[in-house]
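Asker: Just one file: protein.txt, with compact mmCIF, C-alpha atoms and all ligand atoms.
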# COMPACT_ATOMS: atom_id res chain seq x y z
CA MET F 77 3.27 7.55 -41.55
CA SER F 78 3.14 3.97 -42.81
CA TRP F 79 2.12 1.23 -40.40
CA LYS F 80 5.45 -0.49 -40.96
CA THR F 81 7.38 2.67 -39.99
CA TYR F 82 5.26 3.05 -36.88
CA ILE F 83 5.74 -0.54 -35.76
CA ASP F 84 9.48 -0.52 -36.46
CA GLU F 85 9.95 2.74 -34.58
CA GLN F 86 8.08 1.46 -31.56
CA LEU F 87 10.08 -1.77 -31.57
CA ASN F 88 13.35 0.16 -31.77
CA VAL F 89 12.45 2.10 -28.63
CA ARG F 90 12.70 -1.12 -26.64
CA ARG F 91 15.02 -3.40 -28.58
CA ASN F 92 18.33 -4.10 -26.80
CA THR F 93 17.01 -2.67 -23.53
CA PRO F 94 16.09 -4.74 -20.49
CA LEU F 95 12.49 -3.67 -21.15
CA TRP F 96 12.24 -5.88 -24.23
CA ARG F 97 9.53 -8.42 -23.48
CA LYS F 98 9.84 -11.96 -24.69
CA ARG F 99 7.73 -14.96 -23.85
CA LYS F 100 9.50 -18.21 -23.12
CA VAL F 101 7.99 -21.55 -24.05
CA ILE F 102 7.51 -23.78 -21.02
CA LYS F 103 7.33 -27.48 -21.71
CA GLN F 104 6.21 -28.67 -18.32
CA SER F 105 5.50 -27.24 -14.90
CA ASP F 106 4.49 -28.81 -11.61
CA GLY F 107 4.34 -25.64 -9.55
CA ARG F 108 7.75 -26.28 -8.00
CA PHE F 109 9.81 -26.81 -11.16
CA LEU F 110 9.64 -25.46 -14.69
CA ILE F 111 11.07 -27.38 -17.61
CA THR F 112 11.81 -25.49 -20.82
CA THR F 113 11.64 -26.93 -24.33
CA SER F 114 15.44 -27.31 -24.32
CA GLY F 115 15.05 -29.59 -21.28
CA GLU F 116 16.46 -27.19 -18.68
CA LYS F 117 14.88 -27.51 -15.26
CA TYR F 118 14.39 -24.54 -12.93
CA LEU F 119 13.00 -23.99 -9.47
CA ASN F 120 10.10 -21.63 -10.10
CA PHE F 121 9.93 -18.45 -8.01
CA SER F 122 7.74 -16.50 -10.43
CA GLY F 123 4.37 -18.22 -10.38
CA ASN F 124 1.12 -17.11 -8.74
CA ASP F 125 -0.05 -20.61 -7.82
CA TYR F 126 0.53 -19.89 -4.12
CA LEU F 127 -1.16 -23.02 -2.78
CA GLY F 128 -0.14 -25.35 -5.61
CA ILE F 129 -3.78 -25.94 -6.56
CA SER F 130 -3.08 -25.95 -10.31
CA GLN F 131 -1.63 -29.44 -9.71
CA HIS F 132 -4.19 -30.69 -7.18
CA THR F 133 -5.41 -34.15 -8.19
CA ASP F 134 -9.01 -33.54 -7.02
CA VAL F 135 -9.23 -30.33 -9.04
CA ILE F 136 -7.78 -32.00 -12.13
CA LYS F 137 -10.23 -34.87 -11.77
CA ALA F 138 -13.16 -32.46 -11.31
CA TRP F 139 -12.22 -30.69 -14.56
CA GLN F 140 -12.00 -34.03 -16.39
CA GLN F 141 -15.37 -35.19 -15.07
CA GLY F 142 -16.87 -31.82 -15.94
CA ALA F 143 -15.63 -32.17 -19.51
CA ASP F 144 -17.16 -35.65 -19.71
CA GLU F 145 -20.47 -34.27 -18.51
CA TYR F 146 -20.67 -30.98 -20.42
CA GLY F 147 -18.04 -31.09 -23.18
CA VAL F 148 -15.15 -28.65 -23.30
CA GLY F 149 -16.79 -25.29 -23.93
CA SER F 150 -19.80 -23.31 -22.72
CA ALA F 151 -20.80 -22.50 -26.33
CA GLY F 152 -22.17 -19.08 -25.51
CA SER F 153 -22.50 -16.05 -23.32
CA GLY F 154 -24.23 -16.62 -20.00
CA HIS F 155 -27.10 -14.56 -21.37
CA ILE F 156 -27.73 -17.04 -24.20
CA THR F 157 -26.85 -20.67 -23.43
CA GLY F 158 -23.61 -20.42 -21.46
CA PHE F 159 -24.97 -20.32 -17.92
CA THR F 160 -25.17 -23.90 -16.67
CA GLN F 161 -25.96 -25.46 -13.33
CA ALA F 162 -22.18 -25.73 -12.80
CA HIS F 163 -21.83 -21.94 -13.15
CA ALA F 164 -24.87 -21.25 -10.93
CA GLN F 165 -23.59 -23.56 -8.19
CA LEU F 166 -20.15 -21.98 -8.21
CA GLU F 167 -21.65 -18.48 -8.00
CA GLN F 168 -23.82 -19.51 -5.07
CA HIS F 169 -20.95 -21.24 -3.31
CA LEU F 170 -18.72 -18.16 -3.71
CA ALA F 171 -21.44 -15.78 -2.49
CA GLU F 172 -22.05 -17.89 0.63
CA TRP F 173 -18.35 -18.26 1.35
CA LEU F 174 -17.68 -14.54 1.10
CA GLY F 175 -20.95 -13.34 2.69
CA TYR F 176 -22.53 -11.57 -0.29
CA ASP F 177 -25.97 -11.83 -1.93
CA ASN F 178 -24.46 -12.65 -5.30
CA ALA F 179 -21.36 -13.60 -7.24
CA LEU F 180 -21.07 -13.13 -11.01
CA LEU F 181 -18.48 -15.10 -12.99
CA PHE F 182 -16.21 -13.39 -15.53
CA SER F 183 -13.66 -15.06 -17.77
CA SER F 184 -10.74 -13.14 -16.24
CA GLY F 185 -9.89 -10.60 -13.59
CA TYR F 186 -8.98 -8.20 -16.36
CA SER F 187 -12.47 -8.36 -17.86
CA ALA F 188 -14.18 -8.31 -14.43
CA ASN F 189 -12.45 -5.02 -13.62
CA GLN F 190 -13.32 -3.59 -17.03
CA GLY F 191 -16.91 -4.80 -16.75
CA VAL F 192 -17.53 -3.33 -13.30
CA ILE F 193 -15.98 0.07 -13.95
CA SER F 194 -17.43 0.55 -17.43
CA ALA F 195 -20.93 -0.34 -16.22
CA LEU F 196 -20.99 1.72 -13.01
CA LEU F 197 -19.17 4.95 -13.77
CA GLU F 198 -20.54 7.86 -15.78
CA LYS F 199 -19.49 11.36 -16.72
CA ASN F 200 -19.37 13.64 -13.64
CA ASP F 201 -18.43 10.66 -11.43
CA ALA F 202 -15.02 10.27 -9.80
CA ILE F 203 -12.80 7.22 -9.53
CA ILE F 204 -10.24 7.53 -6.75
CA ALA F 205 -7.69 4.76 -7.08
CA ASP F 206 -4.49 3.81 -5.29
CA LYS F 207 -1.47 4.88 -7.34
CA LEU F 208 -0.22 1.31 -7.61
CA CYS F 209 -3.44 -0.32 -8.78
CA HIS F 210 -3.10 -3.08 -11.38
CA ALA F 211 -3.04 -2.26 -15.10
CA SER F 212 -6.51 -3.78 -15.60
CA LEU F 213 -8.04 -1.33 -13.09
CA MET F 214 -6.11 1.65 -14.38
CA GLU F 215 -7.03 0.94 -17.97
CA ALA F 216 -10.71 0.62 -17.09
CA ALA F 217 -10.53 3.90 -15.18
CA ILE F 218 -8.73 5.71 -18.01
CA LEU F 219 -11.29 4.50 -20.56
CA SER F 220 -14.17 5.57 -18.31
CA PRO F 221 -15.89 8.95 -18.81
CA ALA F 222 -15.54 9.50 -15.04
CA THR F 223 -12.66 11.62 -13.75
CA LEU F 224 -9.74 9.57 -12.44
CA TRP F 225 -7.78 10.67 -9.37
CA ARG F 226 -5.00 8.67 -7.80
CA PHE F 227 -4.16 8.68 -4.12
CA LEU F 228 -0.73 7.96 -2.66
CA HIS F 229 -0.07 4.26 -2.25
CA ASN F 230 -1.79 2.87 0.86
CA SER F 231 -2.23 6.38 2.28
CA SER F 232 -5.64 6.87 3.89
CA ASP F 233 -4.69 10.53 4.50
CA SER F 234 -4.14 11.08 0.82
CA LEU F 235 -7.46 9.35 0.09
CA SER F 236 -9.24 11.55 2.67
CA GLN F 237 -7.80 14.72 1.18
CA ARG F 238 -8.93 13.74 -2.29
CA LEU F 239 -12.42 12.78 -1.08
CA ASN F 240 -12.75 16.13 0.74
CA LYS F 241 -12.01 17.94 -2.50
CA THR F 242 -14.27 16.01 -4.81
CA SER F 243 -17.65 17.34 -5.90
CA ALA F 244 -18.44 14.40 -8.15
CA ASN F 245 -21.91 13.08 -8.68
CA LYS F 246 -20.99 9.53 -7.53
CA THR F 247 -17.63 8.58 -6.08
CA PHE F 248 -15.90 5.22 -6.43
CA VAL F 249 -12.81 4.27 -4.41
CA VAL F 250 -10.63 1.51 -5.84
CA THR F 251 -7.82 -0.43 -4.21
CA GLU F 252 -6.36 -3.91 -3.94
CA GLY F 253 -6.15 -6.25 -0.98
CA VAL F 254 -2.58 -7.27 -1.76
CA PHE F 255 -0.57 -5.32 -4.34
CA SER F 256 0.63 -7.51 -7.16
CA MET F 257 4.13 -6.10 -7.60
CA ASP F 258 4.82 -5.17 -3.96
CA GLY F 259 3.05 -7.81 -1.88
CA ASP F 260 2.00 -5.24 0.71
CA GLN F 261 -1.57 -4.88 1.97
CA ALA F 262 -3.92 -1.91 1.82
CA PRO F 263 -5.15 -0.39 5.12
CA LEU F 264 -8.62 -1.69 4.26
CA THR F 265 -10.33 -0.97 7.57
CA GLU F 266 -9.44 2.73 7.38
CA ILE F 267 -10.16 2.96 3.68
CA ALA F 268 -13.61 1.40 4.15
CA THR F 269 -14.45 3.80 7.01
CA ILE F 270 -13.31 6.88 5.09
CA SER F 271 -15.19 5.80 1.97
CA ARG F 272 -18.39 5.29 3.93
CA GLN F 273 -18.05 8.72 5.59
CA HIS F 274 -18.01 10.24 2.10
CA GLU F 275 -20.79 8.01 0.79
CA ALA F 276 -18.36 6.64 -1.76
CA TRP F 277 -18.51 3.03 -2.84
CA LEU F 278 -15.43 0.89 -2.33
CA MET F 279 -14.13 -1.72 -4.79
CA VAL F 280 -11.40 -4.10 -3.65
CA ASP F 281 -9.54 -6.28 -6.16
CA ASP F 282 -8.25 -9.16 -4.03
CA ALA F 283 -6.50 -11.14 -6.75
CA HIS F 284 -3.55 -11.98 -4.50
CA GLY F 285 -5.26 -12.13 -1.10
CA ILE F 286 -8.07 -14.55 -1.86
CA GLY F 287 -7.21 -18.09 -0.77
CA VAL F 288 -4.09 -16.94 1.06
CA LEU F 289 -5.35 -14.60 3.80
CA GLY F 290 -8.31 -14.61 6.19
CA LYS F 291 -10.39 -17.35 7.75
CA GLU F 292 -10.80 -20.30 5.35
CA GLY F 293 -8.80 -18.23 2.85
CA ARG F 294 -11.58 -15.67 2.45
CA GLY F 295 -9.00 -13.02 1.72
CA SER F 296 -7.93 -9.52 2.66
CA CYS F 297 -11.41 -8.12 3.38
CA ASP F 298 -12.25 -10.93 5.77
CA GLU F 299 -8.93 -10.39 7.51
CA ALA F 300 -9.61 -6.64 7.80
CA GLY F 301 -13.23 -7.19 8.88
CA ILE F 302 -14.71 -5.15 6.02
CA LYS F 303 -17.25 -5.79 3.29
CA PRO F 304 -16.70 -3.51 0.29
CA GLU F 305 -19.66 -2.86 -2.02
CA ILE F 306 -17.70 -4.53 -4.84
CA LEU F 307 -15.22 -7.34 -4.23
CA VAL F 308 -13.34 -8.85 -7.17
CA VAL F 309 -11.66 -12.22 -6.71
CA THR F 310 -9.64 -13.92 -9.42
CA PHE F 311 -8.99 -17.61 -9.99
CA GLY F 312 -5.66 -17.50 -11.80
CA LYS F 313 -3.61 -17.01 -8.62
CA ALA F 314 -4.20 -19.04 -5.44
CA PHE F 315 -7.17 -20.88 -7.02
CA GLY F 316 -4.68 -22.28 -9.53
CA VAL F 317 -7.18 -22.14 -12.42
CA SER F 318 -8.39 -19.04 -14.30
CA GLY F 319 -11.40 -16.73 -14.32
CA ALA F 320 -12.83 -14.27 -11.80
CA ALA F 321 -15.94 -13.30 -9.87
CA VAL F 322 -17.54 -10.03 -8.79
CA LEU F 323 -19.26 -10.13 -5.39
CA CYS F 324 -21.99 -7.58 -4.62
CA ASN F 325 -25.54 -7.16 -3.32
CA ALA F 326 -28.59 -8.42 -5.22
CA SER F 327 -29.61 -5.17 -6.91
CA THR F 328 -26.05 -4.45 -8.04
CA ALA F 329 -25.79 -7.98 -9.45
CA ALA F 330 -29.05 -7.44 -11.36
CA PHE F 331 -27.59 -4.15 -12.63
CA PHE F 332 -24.44 -5.93 -13.88
CA GLU F 333 -26.61 -8.55 -15.59
CA GLN F 334 -28.19 -5.69 -17.56
CA TYR F 335 -25.19 -3.44 -18.12
CA ALA F 336 -21.80 -5.17 -17.72
CA ARG F 337 -20.77 -5.63 -21.35
CA HIS F 338 -17.88 -7.97 -20.51
CA LEU F 339 -20.43 -10.33 -19.00
CA ILE F 340 -23.01 -10.04 -21.76
CA TYR F 341 -20.85 -10.09 -24.90
CA SER F 342 -18.28 -12.70 -23.94
CA THR F 343 -18.40 -16.50 -23.87
CA SER F 344 -18.77 -17.76 -20.31
CA ILE F 345 -16.06 -19.98 -18.83
CA PRO F 346 -16.36 -23.69 -19.70
CA PRO F 347 -18.73 -25.54 -17.33
CA ALA F 348 -15.92 -27.99 -16.58
CA GLN F 349 -13.81 -25.06 -15.40
CA ALA F 350 -16.64 -23.98 -13.09
CA ILE F 351 -16.72 -27.51 -11.65
CA ALA F 352 -12.94 -27.48 -11.17
CA LEU F 353 -13.22 -24.09 -9.46
CA ASN F 354 -15.89 -25.42 -7.12
CA THR F 355 -13.50 -28.19 -6.08
CA ALA F 356 -10.64 -25.69 -5.79
CA LEU F 357 -12.84 -23.64 -3.46
CA ASN F 358 -13.39 -26.68 -1.23
CA VAL F 359 -9.63 -27.28 -1.19
CA ILE F 360 -8.99 -23.65 -0.27
CA LYS F 361 -11.47 -23.70 2.63
CA GLN F 362 -9.62 -26.64 4.15
CA ALA F 363 -6.09 -25.42 3.45
CA ASP F 364 -5.22 -24.01 6.88
CA ASN F 365 -2.11 -26.18 7.13
CA GLU F 366 -0.95 -25.06 3.70
CA ARG F 367 -1.48 -21.40 4.59
CA GLU F 368 0.53 -21.93 7.77
CA TYR F 369 3.31 -23.64 5.82
CA LEU F 370 3.34 -20.74 3.34
CA GLN F 371 3.82 -18.33 6.27
CA GLN F 372 6.75 -20.44 7.44
CA LEU F 373 8.37 -20.20 3.99
CA ILE F 374 7.76 -16.43 3.93
CA HIS F 375 9.34 -16.04 7.36
CA THR F 376 12.39 -18.12 6.39
CA PHE F 377 12.86 -16.14 3.18
CA ARG F 378 12.61 -12.74 4.86
CA GLN F 379 15.01 -13.70 7.65
CA GLY F 380 17.46 -14.95 5.06
CA VAL F 381 17.55 -11.87 2.84
CA ILE F 382 17.27 -9.13 5.44
CA SER F 383 21.04 -8.46 5.34
CA LEU F 384 21.24 -8.15 1.53
CA PRO F 385 22.06 -4.68 0.16
CA VAL F 386 18.62 -4.35 -1.48
CA LYS F 387 15.27 -3.06 -0.34
CA LEU F 388 12.86 -5.65 1.03
CA LEU F 389 9.27 -4.41 1.06
CA PRO F 390 6.99 -4.97 4.07
CA SER F 391 5.08 -8.01 2.83
CA ALA F 392 3.41 -10.79 4.80
CA THR F 393 2.20 -12.42 1.60
CA ALA F 394 3.53 -14.86 -0.98
CA ILE F 395 4.82 -11.92 -3.05
CA GLN F 396 8.30 -10.98 -1.80
CA PRO F 397 9.91 -8.50 -4.18
CA LEU F 398 13.52 -7.39 -3.89
CA ILE F 399 13.81 -3.82 -5.15
CA ILE F 400 17.03 -3.47 -7.13
CA GLY F 401 16.36 -0.10 -8.81
CA ASP F 402 18.88 -0.27 -11.63
CA GLU F 403 17.43 -2.13 -14.59
CA GLN F 404 20.69 -3.59 -15.88
CA LEU F 405 21.72 -4.88 -12.44
CA CYS F 406 18.28 -6.35 -11.97
CA GLN F 407 18.52 -8.21 -15.28
CA THR F 408 22.06 -9.40 -14.45
CA LEU F 409 20.85 -10.77 -11.13
CA SER F 410 17.89 -12.50 -12.76
CA ASP F 411 20.25 -14.05 -15.36
CA TYR F 412 22.66 -15.15 -12.61
CA LEU F 413 19.86 -16.87 -10.69
CA GLN F 414 18.73 -18.54 -13.90
CA SER F 415 22.26 -19.83 -14.49
CA LYS F 416 22.00 -21.46 -11.05
CA GLY F 417 18.68 -23.12 -11.87
CA LEU F 418 16.43 -20.54 -10.20
CA TRP F 419 13.63 -18.95 -12.24
CA VAL F 420 13.05 -15.41 -10.92
CA LYS F 421 11.78 -12.88 -13.42
CA ALA F 422 12.80 -9.24 -13.26
CA ILE F 423 9.99 -6.68 -13.47
CA PHE F 424 10.71 -3.31 -15.04
CA PRO F 425 8.97 0.04 -15.44
CA PRO F 426 6.33 0.81 -16.70
CA THR F 427 4.89 -2.26 -14.93
CA VAL F 428 6.43 -0.78 -11.75
CA PRO F 429 7.36 2.86 -10.96
CA PRO F 430 10.58 4.36 -12.47
CA GLN F 431 13.84 3.41 -10.69
CA SER F 432 12.18 0.45 -8.99
CA ALA F 433 13.14 -2.50 -11.19
CA ARG F 434 12.79 -5.57 -9.04
CA LEU F 435 12.88 -9.29 -8.73
CA ARG F 436 9.31 -10.32 -8.07
CA ILE F 437 9.90 -13.42 -5.99
CA THR F 438 6.83 -15.51 -5.23
CA LEU F 439 6.59 -18.44 -2.87
CA THR F 440 4.27 -21.42 -3.08
CA THR F 441 3.46 -24.36 -0.84
CA ARG F 442 5.00 -26.50 -3.59
CA HIS F 443 8.40 -25.22 -2.45
CA HIS F 444 10.48 -27.18 0.03
CA LEU F 445 12.24 -25.32 2.83
CA SER F 446 15.52 -26.32 1.14
CA ASP F 447 14.41 -24.49 -2.05
CA ILE F 448 14.03 -21.26 -0.10
CA LYS F 449 17.44 -21.80 1.50
CA LEU F 450 19.04 -22.36 -1.90
CA LEU F 451 17.51 -19.12 -3.18
CA ILE F 452 18.81 -17.21 -0.15
CA GLU F 453 22.33 -18.65 -0.53
CA THR F 454 22.43 -17.89 -4.23
CA LEU F 455 21.32 -14.29 -3.66
CA HIS F 456 24.05 -13.85 -1.06
CA ALA F 457 26.64 -15.38 -3.42
CA PHE F 458 25.71 -12.86 -6.12
CA PHE F 459 26.02 -9.83 -3.89
CA ASN F 460 29.27 -11.07 -2.28
CA GLN F 461 30.75 -11.49 -5.73
CA ASN F 462 29.52 -8.06 -6.92
CA ARG F 463 30.48 -6.08 -3.85
C1 LIG L 501 -3.61 -10.82 -12.06
C2 LIG L 501 -4.42 -9.65 -11.66
C3 LIG L 501 -5.57 -9.28 -12.38
C4 LIG L 501 -5.96 -9.93 -13.64
O1 LIG L 501 -6.56 -11.14 -13.41
P1 LIG L 501 -6.61 -12.22 -14.60
O2 LIG L 501 -7.61 -13.18 -14.14
O3 LIG L 501 -5.24 -12.76 -14.72
O4 LIG L 501 -7.03 -11.47 -15.84
C5 LIG L 501 -6.34 -8.25 -11.88
N1 LIG L 501 -5.97 -7.57 -10.77
C6 LIG L 501 -4.85 -7.88 -10.10
C7 LIG L 501 -4.50 -7.10 -8.89
C8 LIG L 501 -4.04 -8.91 -10.53
O5 LIG L 501 -2.91 -9.19 -9.89
In structure tokens, what does this structure look like?
Answerer:
Amino acid sequence: MSWKTYIDEQLNVRRNTPLWRKRKVIKQSDGRFLITTSGEKYLNFSGNDYLGISQHTDVIKAWQQGADEYGVGSAGSGHITGFTQAHAQLEQHLAEWLGYDNALLFSSGYSANQGVISALLEKNDAIIADKLCHASLMEAAILSPATLWRFLHNSSDSLSQRLNKTSANKTFVVTEGVFSMDGDQAPLTEIATISRQHEAWLMVDDAHGIGVLGKEGRGSCDEAGIKPEILVVTFGKAFGVSGAAVLCNASTAAFFEQYARHLIYSTSIPPAQAIALNTALNVIKQADNEREYLQQLIHTFRQGVISLPVKLLPSATAIQPLIIGDEQLCQTLSDYLQSKGLWVKAIFPPTVPPQSARLRITLTTRHHLSDIKLLIETLHAFFNQNR
């Protein structure tokens, strides 16, 4: 088969379906509004900047000062010349905040997950992951020589059953604090207990819990009172920046320094970004009022949509999906909201399970209460009109 035939065939599978993916150029964004290149302005309900930190003046200033001090790039892997005092301070600050010996910076959550799983897992090991784990975790697990098993979403019984059956050499349990497409939270206390009983290590990816949940925003594990062997936090969501860190004990950190290829063979984040992240961390620690305000927005939203003829998932987080099911209806609803100035992206399989197309609505402290009310009214108007 020629490459052209292959590419054209694959494109035809998706063309003219709601699954066709297309990026849209954004001209400007302030967390609350998006402005497109054609000048249209939308209220944004699709971002992950839950605390509005991407626009925080102190964080912006810290990045600028960092660039003045260090230049714009790190100019190397951390193992060569890319590990500066700015990186070291951020790692130490993160480790202290989250109660671990060490933190190791990665350039993204995607590469942190790949780095951890590819370094730790060997043939004859088992990875036991929640069915709804993020694509970056699933891909790492599929590429790994270890055997991958998936347990039913948030079911500690299903996890127990699988652990009872496994005869692997080493066993690694993987879940998320807050699920990215559902907004619900894993039963972490139970999962940690069960994992320990089986001498399995637990990895928690807390991309959407860090900054939002727990004391000082320390995330899902703090809230659940657990300390998994491996905690991954990412900085592209509530931190409002980009990048990630892996938290672990000292010997495991030394092991990753030797064996995590995504750490060794990749340019470290710019020092200025590390400085901005350090400031973002200070902002997050002090953001109790913002977290409380976010909860108020979440409560208002949930009260407002409870009577809609769609499924509302049990979520106490900034991710509030409405499960529509039918892909065409979901796209029509997303288009309708867009025509009313509301930016809410539809999410389709295979990103989510079959028959569960949804609007992934996210809330941020940048929103005003009136924005949430407008969204609620517009949703009701759509369903009244389409009854
Ligand atoms: C967004 C996300 C990632 C990827 O993090 P990036 O820093 O954007 O690469 C990993 N895991 C989960 C659960 C996520 O939601």
Asker: For range 269-272 of chain F, work out the shell of residues within 7 Å, counting all atoms listed in the file and skipping chain neighbours fewer than 4 positions away, then give it as a PDB file with C-alpha atoms, keeping the file's coordinate frame.
Answerer:
ATOM      1  CA  SER F 236      -9.240  11.550   2.670  1.00  0.00           C
ATOM      2  CA  VAL F 249     -12.810   4.270  -4.410  1.00  0.00           C
ATOM      3  CA  THR F 265     -10.330  -0.970   7.570  1.00  0.00           C
ATOM      4  CA  ALA F 276     -18.360   6.640  -1.760  1.00  0.00           C
ATOM      5  CA  TRP F 277     -18.510   3.030  -2.840  1.00  0.00           C
ATOM      6  CA  LEU F 278     -15.430   0.890  -2.330  1.00  0.00           C
TER       7      LEU F 278
END
Asker: Distance CA of Ile156 in chain F-CA of Ala320 in chain F, one decimal place?
Answerer: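 Going from CA of Ile156 in chain F over to CA of Ala320 in chain F, I get 19.6 Å.
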Asker: Determine, using only C-alpha atoms and all ligand atoms, which residues of chain F have any atom at most 6 Å from an atom of ligand LIG 501 (chain L), and tabulate each with its shortest atom pair and distance in Å to one decimal place, rows ordered by chain and then rising number, as a Markdown table.
Answerer:
| residue | atom | partner | partner_atom | distance |
| --- | --- | --- | --- | --- |
| F:Ser184 | CA | L:LIG501 | O2 | 3.8 |
| F:Gly185 | CA | L:LIG501 | O1 | 3.4 |
| F:Tyr186 | CA | L:LIG501 | O4 | 3.8 |
| F:His210 | CA | L:LIG501 | C7 | 4.9 |
| F:Ser212 | CA | L:LIG501 | C5 | 5.8 |
| F:Ser256 | CA | L:LIG501 | O5 | 4.8 |
| F:Asp281 | CA | L:LIG501 | C7 | 5.8 |
| F:Ala283 | CA | L:LIG501 | C6 | 5.0 |
| F:Thr310 | CA | L:LIG501 | O2 | 5.2 |
| F:Gly312 | CA | L:LIG501 | O2 | 5.3 |
| F:Ser318 | CA | L:LIG501 | O2 | 5.9 |
| F:Gly319 | CA | L:LIG501 | O2 | 5.2 |
| F:Ala320 | CA | L:LIG501 | O2 | 5.8 |
Asker: Given only C-alpha atoms, how would the per-residue table for range 342-449 of chain F near range 123-141 of chain F read, listing every residue at most 9 Å away with its closest atom pair and distance in Å to one decimal, sorted by chain and number, as a tab-separated table?
Answerer:
residue	atom	partner	partner_atom	distance
F:Pro347	CA	F:Trp139	CA	8.8
F:Ala348	CA	F:Trp139	CA	5.0
F:Gln349	CA	F:Trp139	CA	5.9
F:Ala350	CA	F:Trp139	CA	8.2
F:Ile351	CA	F:Ala138	CA	6.1
F:Ala352	CA	F:Trp139	CA	4.7
F:Leu353	CA	F:Val135	CA	7.4
F:Asn354	CA	F:Val135	CA	8.5
F:Thr355	CA	F:Val135	CA	5.6
F:Ala356	CA	F:Val135	CA	5.8
F:Val359	CA	F:Ile129	CA	8.1
F:Ile360	CA	F:Leu127	CA	8.2
F:Ala363	CA	F:Leu127	CA	8.3
F:Glu366	CA	F:Leu127	CA	6.8
F:Arg367	CA	F:Leu127	CA	7.6
F:Leu370	CA	F:Leu127	CA	7.9
F:Ala394	CA	F:Tyr126	CA	6.6
F:Ile395	CA	F:Asn124	CA	8.5
F:Ile437	CA	F:Gly123	CA	8.5
F:Thr438	CA	F:Gly123	CA	6.3
F:Leu439	CA	F:Tyr126	CA	6.4
F:Thr440	CA	F:Tyr126	CA	4.2
F:Thr441	CA	F:Leu127	CA	5.2
F:Arg442	CA	F:Gly128	CA	5.6
Asker: Can you build me a table of range 132-245 of chain F residues sitting at most 10 Å from range 290-301 of chain F, with the closest atom pair per residue and its distance in Å to one decimal, using all atoms listed in the file, sorted by chain and residue number, as CSV?
Answerer:
residue,atom,partner,partner_atom,distance
F:Leu170,CA,F:Arg294,CA,9.8
F:Trp173,CA,F:Arg294,CA,7.3
F:Leu174,CA,F:Arg294,CA,6.3
F:Gly175,CA,F:Asp298,CA,9.5
Asker: Might I get the box with edges along x, y and z of the file that holds all atoms of range 264-279 of chain F listed there, padded by 3 Å on every side, given as centre and edge lengths in Å to one decimal, as JSON?
Answerer:
{"center_x": -14.7, "center_y": 4.3, "center_z": 1.4, "size_x": 18.2, "size_y": 18.0, "size_z": 18.4}
Asker: Between CA of Arg90 in chain F and CA of Arg434 in chain F, what is the distance, to one decimal in Å?
Answerer: 18.2 Å
Asker: Which is closer to Arg337 in chain F than all the others in F:Gln190, F:Asn245, F:Gln165, F:Asn178, using all atoms listed in the file?
Answerer: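 The shortest atom-to-atom distance to Arg337 in chain F comes from F:Gln190.
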Asker: Restricting the calculation to all atoms listed in the file, which member of F:His375, F:His155, F:His163, F:Arg91 is positioned closest to Ile340 in chain F?
Answerer: F:His155
Asker: Can you work out the spacing between CA of Met257 in chain F and CA of Leu196 in chain F in Å, to one decimal?
Answerer: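 A separation of 26.9 Å between them.
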Asker: Using all atoms listed in the file, which of F:Leu373, F:Ala422, F:Ala211, F:Leu289 sits nearest His444 in chain F?
Answerer: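 Checking each of F:Leu373, F:Ala422, F:Ala211, F:Leu289 against His444 in chain F, counting all atoms listed in the file, the winner is F:Leu373.
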